[in-house]
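Undergrad: Data: upload-v5.cif, mmCIF, C-alpha atoms.
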data_target
loop_
_atom_site.label_atom_id
_atom_site.label_comp_id
_atom_site.auth_asym_id
_atom_site.auth_seq_id
_atom_site.Cartn_x
_atom_site.Cartn_y
_atom_site.Cartn_z
CA MET V 1 -12.43 -1.06 8.10
CA ILE V 2 -9.32 -3.11 8.93
CA ARG V 3 -9.92 -6.70 10.00
CA VAL V 4 -7.36 -8.25 12.37
CA ALA V 5 -7.44 -12.01 13.04
CA ALA V 6 -5.54 -13.15 16.11
CA VAL V 7 -4.87 -16.26 18.17
CA GLY V 8 -2.23 -17.41 20.63
CA ASP V 9 -1.35 -20.51 22.62
CA ILE V 10 -2.06 -22.99 19.85
CA HIS V 11 0.66 -25.29 21.31
CA MET V 12 1.19 -27.36 18.19
CA ALA V 13 2.98 -30.70 18.02
CA PRO V 14 3.24 -33.36 15.27
CA GLU V 15 -0.08 -34.98 16.18
CA SER V 16 -1.92 -31.65 15.73
CA GLN V 17 -0.73 -31.14 12.16
CA GLY V 18 -3.52 -29.86 9.93
CA THR V 19 -5.99 -28.95 12.67
CA LEU V 20 -5.84 -25.19 12.05
CA ARG V 21 -5.12 -25.01 8.33
CA PRO V 22 -8.75 -25.43 7.18
CA SER V 23 -9.77 -22.44 9.33
CA PHE V 24 -6.71 -20.41 8.31
CA ASP V 25 -7.57 -20.98 4.65
CA THR V 26 -10.79 -19.00 5.22
CA LEU V 27 -8.91 -15.91 6.41
CA PRO V 28 -9.08 -13.94 3.13
CA GLU V 29 -12.87 -13.95 3.47
CA CYS V 30 -12.85 -12.29 6.91
CA ALA V 31 -9.43 -10.79 7.76
CA ASP V 32 -6.60 -8.69 6.39
CA VAL V 33 -3.82 -10.02 8.65
CA LEU V 34 -3.21 -12.90 11.08
CA LEU V 35 -1.47 -12.24 14.40
CA LEU V 36 0.02 -15.13 16.39
CA ALA V 37 0.49 -14.24 20.06
CA GLY V 38 3.10 -16.77 21.14
CA ASP V 39 3.17 -20.30 22.54
CA LEU V 40 2.87 -21.63 19.03
CA THR V 41 4.61 -24.88 20.01
CA ARG V 42 4.42 -27.14 23.06
CA HIS V 43 8.10 -27.34 23.91
CA GLY V 44 9.88 -25.05 21.46
CA THR V 45 11.50 -27.75 19.34
CA PRO V 46 12.30 -27.23 15.66
CA GLU V 47 10.11 -30.24 14.84
CA GLU V 48 7.12 -28.53 16.45
CA ALA V 49 7.96 -25.24 14.76
CA ALA V 50 7.86 -27.06 11.42
CA VAL V 51 4.29 -28.13 12.21
CA VAL V 52 3.32 -24.49 12.78
CA ALA V 53 5.15 -23.50 9.61
CA ARG V 54 3.06 -25.91 7.53
CA GLU V 55 -0.13 -24.44 9.02
CA ILE V 56 0.74 -20.91 7.90
CA GLU V 57 2.88 -21.36 4.79
CA GLY V 58 1.35 -19.82 1.70
CA LEU V 59 -1.59 -18.18 3.45
CA ALA V 60 -3.26 -15.45 1.44
CA VAL V 61 -2.94 -12.90 4.29
CA PRO V 62 0.22 -11.62 6.01
CA VAL V 63 1.20 -13.44 9.21
CA VAL V 64 2.90 -11.63 12.12
CA ALA V 65 4.02 -13.51 15.23
CA VAL V 66 5.85 -13.31 18.52
CA LEU V 67 7.22 -16.25 20.47
CA GLY V 68 5.98 -17.31 23.90
CA ASN V 69 7.55 -19.01 26.90
CA HIS V 70 6.78 -22.49 25.51
CA ASP V 71 8.62 -21.56 22.33
CA HIS V 72 11.72 -20.91 24.46
CA HIS V 73 11.56 -24.11 26.51
CA ASP V 74 13.96 -26.13 24.34
CA GLU V 75 16.33 -23.13 24.36
CA ARG V 76 16.35 -22.87 20.56
CA PRO V 77 14.22 -19.77 19.91
CA GLU V 78 16.47 -18.68 17.06
CA GLU V 79 15.80 -21.95 15.22
CA VAL V 80 12.06 -21.70 15.86
CA THR V 81 12.09 -18.12 14.57
CA ALA V 82 14.03 -19.07 11.44
CA ILE V 83 11.59 -21.88 10.60
CA LEU V 84 8.59 -19.60 10.96
CA ARG V 85 10.23 -16.87 8.91
CA ASP V 86 11.03 -19.37 6.16
CA ALA V 87 7.29 -20.10 6.07
CA GLY V 88 6.61 -16.42 5.45
CA ALA V 89 5.81 -15.15 8.95
CA HIS V 90 7.14 -11.87 10.31
CA VAL V 91 8.47 -12.91 13.73
CA LEU V 92 9.07 -9.91 15.97
CA GLU V 93 11.11 -9.39 19.12
CA GLY V 94 11.35 -5.71 19.96
CA GLU V 95 10.76 -4.87 16.30
CA ALA V 96 8.02 -3.50 14.07
CA VAL V 97 6.72 -4.39 10.65
CA VAL V 98 4.23 -2.73 8.31
CA VAL V 99 2.15 -5.07 6.17
CA THR V 100 -0.17 -3.94 3.40
CA ALA V 101 -3.55 -5.58 2.89
CA GLY V 102 -6.59 -4.32 1.06
CA GLY V 103 -4.84 -1.01 0.51
CA ALA V 104 -4.35 -0.49 4.26
CA ARG V 105 -1.01 -0.14 6.01
CA ILE V 106 -1.10 -2.20 9.21
CA GLY V 107 1.73 -1.59 11.64
CA VAL V 108 2.56 -4.25 14.22
CA ALA V 109 5.09 -3.88 17.03
CA GLY V 110 5.91 -7.08 18.85
CA THR V 111 7.75 -8.59 21.79
CA LYS V 112 7.30 -11.68 23.92
CA GLY V 113 7.34 -9.58 27.07
CA PHE V 114 7.75 -11.05 30.53
CA GLY V 115 6.32 -11.01 34.04
CA GLY V 116 6.71 -8.87 37.13
CA GLY V 117 3.14 -7.99 38.05
CA PHE V 118 0.97 -4.92 38.07
CA VAL V 119 0.75 -1.60 39.87
CA GLY V 120 0.52 -2.08 43.61
CA ARG V 121 1.60 -5.72 43.45
CA CYS V 122 4.71 -5.82 41.33
CA ALA V 123 8.34 -6.83 41.59
CA GLY V 124 11.05 -4.17 41.78
CA GLU V 125 14.70 -3.90 40.79
CA PHE V 126 15.93 -4.47 44.33
CA GLY V 127 17.82 -7.13 46.25
CA GLU V 128 19.44 -10.18 44.73
CA PRO V 129 20.93 -9.96 41.23
CA LEU V 130 18.47 -12.58 39.98
CA MET V 131 15.49 -10.51 41.10
CA LYS V 132 16.91 -7.36 39.56
CA GLU V 133 17.57 -9.17 36.29
CA PHE V 134 14.00 -10.55 36.29
CA VAL V 135 12.58 -7.02 36.31
CA ARG V 136 15.23 -5.63 33.99
CA TYR V 137 14.40 -8.28 31.40
CA THR V 138 10.79 -7.12 31.42
CA ARG V 139 11.84 -3.48 31.27
CA ARG V 140 14.05 -4.16 28.26
CA SER V 141 11.13 -5.88 26.51
CA ALA V 142 8.82 -2.97 27.32
CA ASP V 143 11.36 -0.40 26.18
CA ALA V 144 11.81 -2.24 22.89
CA LEU V 145 8.04 -2.39 22.39
CA HIS V 146 7.78 1.33 23.08
CA GLY V 147 10.53 2.06 20.55
CA ALA V 148 8.90 -0.14 17.92
CA LEU V 149 5.53 1.57 18.37
CA LYS V 150 7.14 5.01 18.13
CA ASP V 151 8.89 3.88 14.96
CA LEU V 152 5.52 2.93 13.47
CA GLY V 153 4.27 6.41 14.30
CA GLY V 154 6.54 7.77 11.59
CA ARG V 155 5.73 5.17 8.94
CA ASP V 156 2.30 6.33 7.74
CA CYS V 157 0.33 3.43 9.21
CA ASP V 158 -3.46 3.30 9.16
CA VAL V 159 -3.40 1.41 12.48
CA ARG V 160 -0.77 0.43 15.04
CA ILE V 161 -1.06 -2.84 16.98
CA ALA V 162 1.00 -4.05 19.94
CA LEU V 163 1.51 -7.82 19.85
CA THR V 164 2.85 -9.59 22.95
CA HIS V 165 2.64 -12.97 24.62
CA PHE V 166 2.61 -11.80 28.24
CA ALA V 167 -0.28 -9.59 29.38
CA PRO V 168 0.01 -5.81 29.71
CA VAL V 169 -3.01 -5.44 32.04
CA PRO V 170 -4.61 -7.49 34.83
CA ASP V 171 -8.12 -7.13 33.33
CA THR V 172 -7.54 -9.97 30.86
CA LEU V 173 -6.18 -12.24 33.60
CA ALA V 174 -9.51 -12.42 35.46
CA GLY V 175 -10.15 -16.12 36.06
CA GLU V 176 -6.50 -16.94 36.74
CA PRO V 177 -5.33 -17.40 40.36
CA LEU V 178 -4.24 -14.05 41.79
CA GLU V 179 -1.08 -15.69 43.12
CA ILE V 180 0.31 -16.19 39.59
CA TYR V 181 -0.50 -12.75 38.15
CA PRO V 182 3.17 -11.65 38.50
CA PHE V 183 4.15 -14.50 36.17
CA LEU V 184 1.51 -13.67 33.57
CA GLY V 185 2.42 -10.11 32.67
CA SER V 186 3.65 -6.67 33.63
CA TYR V 187 2.33 -3.12 33.85
CA LEU V 188 5.52 -2.02 32.07
CA LEU V 189 4.10 -3.39 28.83
CA ALA V 190 0.96 -1.28 29.25
CA GLU V 191 3.05 1.82 29.89
CA ALA V 192 4.95 1.12 26.67
CA ILE V 193 1.68 0.71 24.76
CA ASP V 194 0.17 3.92 26.13
CA THR V 195 3.24 6.07 25.62
CA GLY V 196 4.26 4.50 22.31
CA GLY V 197 0.79 4.73 20.82
CA ALA V 198 -1.41 1.85 19.69
CA ASP V 199 -4.95 1.25 18.48
CA LEU V 200 -5.12 -2.32 19.81
CA ALA V 201 -3.04 -4.61 22.04
CA VAL V 202 -3.17 -8.38 21.60
CA HIS V 203 -1.65 -11.03 23.89
CA GLY V 204 -1.97 -14.65 24.96
CA HIS V 205 -0.47 -16.72 27.82
CA ALA V 206 -3.42 -16.58 30.26
CA HIS V 207 -5.42 -19.71 29.38
CA ALA V 208 -7.99 -19.19 32.14
CA GLY V 209 -8.21 -15.43 31.64
CA THR V 210 -10.72 -13.10 30.03
CA GLU V 211 -10.80 -11.76 26.48
CA HIS V 212 -11.49 -8.06 27.03
CA GLY V 213 -9.43 -5.43 28.84
CA MET V 214 -8.08 -1.90 28.51
CA THR V 215 -4.96 0.02 29.44
CA SER V 216 -5.19 3.04 31.70
CA GLY V 217 -4.63 5.14 28.58
CA GLY V 218 -7.71 3.69 26.87
CA VAL V 219 -6.09 1.19 24.47
CA ARG V 220 -8.22 -1.91 23.94
CA VAL V 221 -6.49 -5.13 25.06
CA ARG V 222 -7.54 -8.58 23.88
CA ASN V 223 -6.42 -11.93 25.31
CA VAL V 224 -6.50 -14.25 22.31
CA ALA V 225 -5.18 -17.41 23.97
CA GLN V 226 -7.04 -20.18 22.16
CA PRO V 227 -8.47 -21.65 25.38
CA VAL V 228 -10.03 -18.24 26.04
CA ILE V 229 -11.48 -17.46 22.61
CA GLY V 230 -12.43 -21.07 21.87
CA HIS V 231 -11.86 -20.78 18.12
CA ALA V 232 -9.07 -21.01 15.56
CA PHE V 233 -8.92 -17.18 15.70
CA HIS V 234 -10.99 -14.13 16.51
CA VAL V 235 -11.37 -11.14 14.21
CA TYR V 236 -11.25 -7.56 15.51
CA HIS V 237 -12.31 -4.56 13.45
CA LEU V 238 -10.41 -1.29 13.49
CA PRO V 239 -11.36 1.89 11.66
CA GLY V 240 -8.96 2.83 8.88
CA GLY V 241 -7.80 1.96 5.43
CA PRO V 242 -8.62 3.56 2.08
CA ASP V 243 -11.80 5.55 1.68
CA PRO V 244 -14.15 3.23 -0.26
CA ARG V 245 -15.72 6.29 -1.88
CA GLN V 246 -12.46 7.04 -3.71
CA GLY V 247 -11.97 5.49 -7.11
CA ALA V 248 -9.22 3.02 -7.81
#
Once more with this new file: its structure as structure tokens, please.

TA:
Amino acid sequence: MIRVAAVGDIHMAPESQGTLRPSFDTLPECADVLLLAGDLTRHGTPEEAAVVAREIEGLAVPVVAVLGNHDHHDERPEEVTAILRDAGAHVLEGEAVVVTAGGARIGVAGTKGFGGGFVGRCAGEFGEPLMKEFVRYTRRSADALHGALKDLGGRDCDVRIALTHFAPVPDTLAGEPLEIYPFLGSYLLAEAIDTGGADLAVHGHAHAGTEHGMTSGGVRVRNVAQPVIGHAFHVYHLPGGPDPRQGA
């Protein structure tokens, strides 16, 4: 069994230093990997990124992350990414990584994603250039996620996980005002997950949403925004890994 710990929307700043580290230090007892689903900082400053870095540096499990909209606010996402990578995190944007834990190969494909809405109530590539670019940005993110998942399909992974900040399905937005659904996610991400192939999809962003959802293709989706799960992280169990009946 593969154990996946995940949390998003921790929104750290200098005054929150040290609040998550005691919980993160328990991860080896209950999880094989930690996924961070974006909005790791409040305003995307390097100073805030350094706070996050100290929370995760030297953890005994691999850490894989994507950035969120808050992490872009100060318009220095490259600096935020570099600080987190220096602390040992794999920070993904349209990329994939395979981490090994407990003898299992865990593949994670990640992108921030973007908005646009869901089938029947979504934006289209029509009209003003700004509107077309809005949708094209999401499509580029979804296409990159699809490519990263397909890449994992050829890398002998025990499980494949899609990690985003924006939501791929409306199920996990239940509790949020319907009027803002187009700004919380896009069906294009779900299409990428279903066609690229994944065993689990994890996202954040929707603070007032719901934890459990599913793509139309049957992939489990989990909203791990900290205000939703109410804990430092949640752990999800996926079948896979070495057969415990086999000798070392």

Undergrad: Using all atoms listed in the file, which protein or nucleic acid residues come within 10 Å of V:Arg139? Drop anything in the same chain fewer than 4 positions from it, and give the result as a list in words.

TA: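 Once the nearby chain positions are removed, what remains is Gly113, Phe114, Gly115, Gly116, Glu125, Glu133, Phe134, Val135, Asp143, Ala144, Leu145, Ser186, Tyr187, Leu188, Leu189 and Ala192 of chain V.
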
Undergrad: Applying 12 Å and only C-alpha atoms, which residues near V:Arg121 remain after dropping the ones on its own chain fewer than 6 positions away? List them as a compact mmCIF listing (two decimals) with C-alpha atoms, in the coordinates of the input.

TA:
# COMPACT_ATOMS: atom_id res chain seq x y z
CA GLY V 115 6.32 -11.01 34.04
CA PRO V 170 -4.61 -7.49 34.83
CA LEU V 178 -4.24 -14.05 41.79
CA GLU V 179 -1.08 -15.69 43.12
CA ILE V 180 0.31 -16.19 39.59
CA TYR V 181 -0.50 -12.75 38.15
CA PRO V 182 3.17 -11.65 38.50
CA PHE V 183 4.15 -14.50 36.17
CA GLY V 185 2.42 -10.11 32.67
CA SER V 186 3.65 -6.67 33.63
CA TYR V 187 2.33 -3.12 33.85

Undergrad: Considering only C-alpha atoms, can you say which of V:Gly68, V:Gly213, V:Pro239, V:Gly18 comes closest to V:Asp39?

TA: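 Ranking V:Gly68, V:Gly213, V:Pro239, V:Gly18 by distance to V:Asp39, first place goes to V:Gly68.
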
Undergrad: With the PyMOL selection byres ((chain V and resi 90) around 6) as the selection, what would be picked from this file? Answer as a VMD selection string, please.

TA: chain V and resid 64 89 91

Undergrad: What is the distance, in Å and to one decimal place, between atom CA of V:Leu173 and atom CA of V:Glu191?

TA: 17.2 Å

Undergrad: Extract, using only C-alpha atoms, all DNA, RNA and protein residues at most 6 Å from stretch 46-54 of chain V, discarding same-chain residues fewer than 4 positions from it, and format them as a list in words.

TA: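 Once the nearby chain positions are removed, what remains is Ala13, Gln17, Thr41, Val80, Leu84 and Ala87 of chain V.
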
Undergrad: Kindly export the residues of the current selection with C-alpha atoms, as an mmCIF file, in the frame of the given file.

TA:
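File produced: selection.cif:
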data_model
loop_
_atom_site.group_PDB
_atom_site.id
_atom_site.type_symbol
_atom_site.label_atom_id
_atom_site.label_comp_id
_atom_site.auth_asym_id
_atom_site.auth_seq_id
_atom_site.Cartn_x
_atom_site.Cartn_y
_atom_site.Cartn_z
ATOM 1 C CA ALA V 13 2.980 -30.700 18.020
ATOM 2 C CA GLN V 17 -0.730 -31.140 12.160
ATOM 3 C CA THR V 41 4.610 -24.880 20.010
ATOM 4 C CA VAL V 80 12.060 -21.700 15.860
ATOM 5 C CA LEU V 84 8.590 -19.600 10.960
ATOM 6 C CA ALA V 87 7.290 -20.100 6.070
#

Undergrad: Separation of atom CA of V:Gly230 and atom CA of V:Thr111, in Å?

TA: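 These atoms are spaced 23.7 Å apart.
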
Undergrad: What separation in Å, quoted to one decimal, exists between atom CA of V:Leu59 and atom CA of V:Ala167?

TA: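 Computing the Euclidean distance for atom CA of V:Leu59 and atom CA of V:Ala167 yields 27.3 Å.
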
Undergrad: If the PyMOL selection byres ((chain V and resi 202) around 6) is run on the structure shown, which residues does it catch, given as a PyMOL selection string?

TA: chain V and resi 163+201+203+221-222

Undergrad: Let me know the residues the PyMOL selection byres ((chain V and resi 96) around 9) catches in the file above, as a list of chain:residue names.

TA: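 Applied to this file, the PyMOL selection byres ((chain V and resi 96) around 9) returns V:Leu92, V:Glu93, V:Gly94, V:Glu95, V:Val97, V:Val98, V:Gly107, V:Val108, V:Ala109, V:Gly110, V:Leu145, V:Gly147, V:Ala148, V:Leu149, V:Asp151, V:Leu152.
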
Undergrad: Would you please work out which residue, of V:Thr195, V:Thr210, V:Thr172, V:Thr164, is nearest to V:Lys150 when using only C-alpha atoms?

TA: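 Nearest to V:Lys150: V:Thr195.
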
Undergrad: For V:Leu34, which residue out of V:Phe118, V:Phe166, V:Phe126, V:Tyr236 is the nearest one, using only C-alpha atoms?

TA: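 Looking only at the distances to V:Leu34, the closest residue turns out to be V:Tyr236.
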
Undergrad: Counting all atoms listed in the file, which of V:Leu36, V:Val7, V:Leu67, V:Ile2 gets nearest to V:Thr100?

TA: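 Using all atoms listed in the file, V:Thr100 sits closest to V:Ile2.
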
Undergrad: Nearest to V:Asp158 among V:Ala104, V:Ala142, V:Ala65, V:Leu238, with distances taken over all atoms listed in the file: which residue is it?

TA: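 Distance minimum relative to V:Asp158 lands on V:Ala104.
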
Undergrad: Rank V:Gly241, V:Pro227, V:Gly204, V:Gly120 by their smallest atom-to-atom distance to V:Asp156, using only C-alpha atoms, and report the top residue only.

TA: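 Comparing V:Gly241, V:Pro227, V:Gly204, V:Gly120 against V:Asp156, the winner is V:Gly241.
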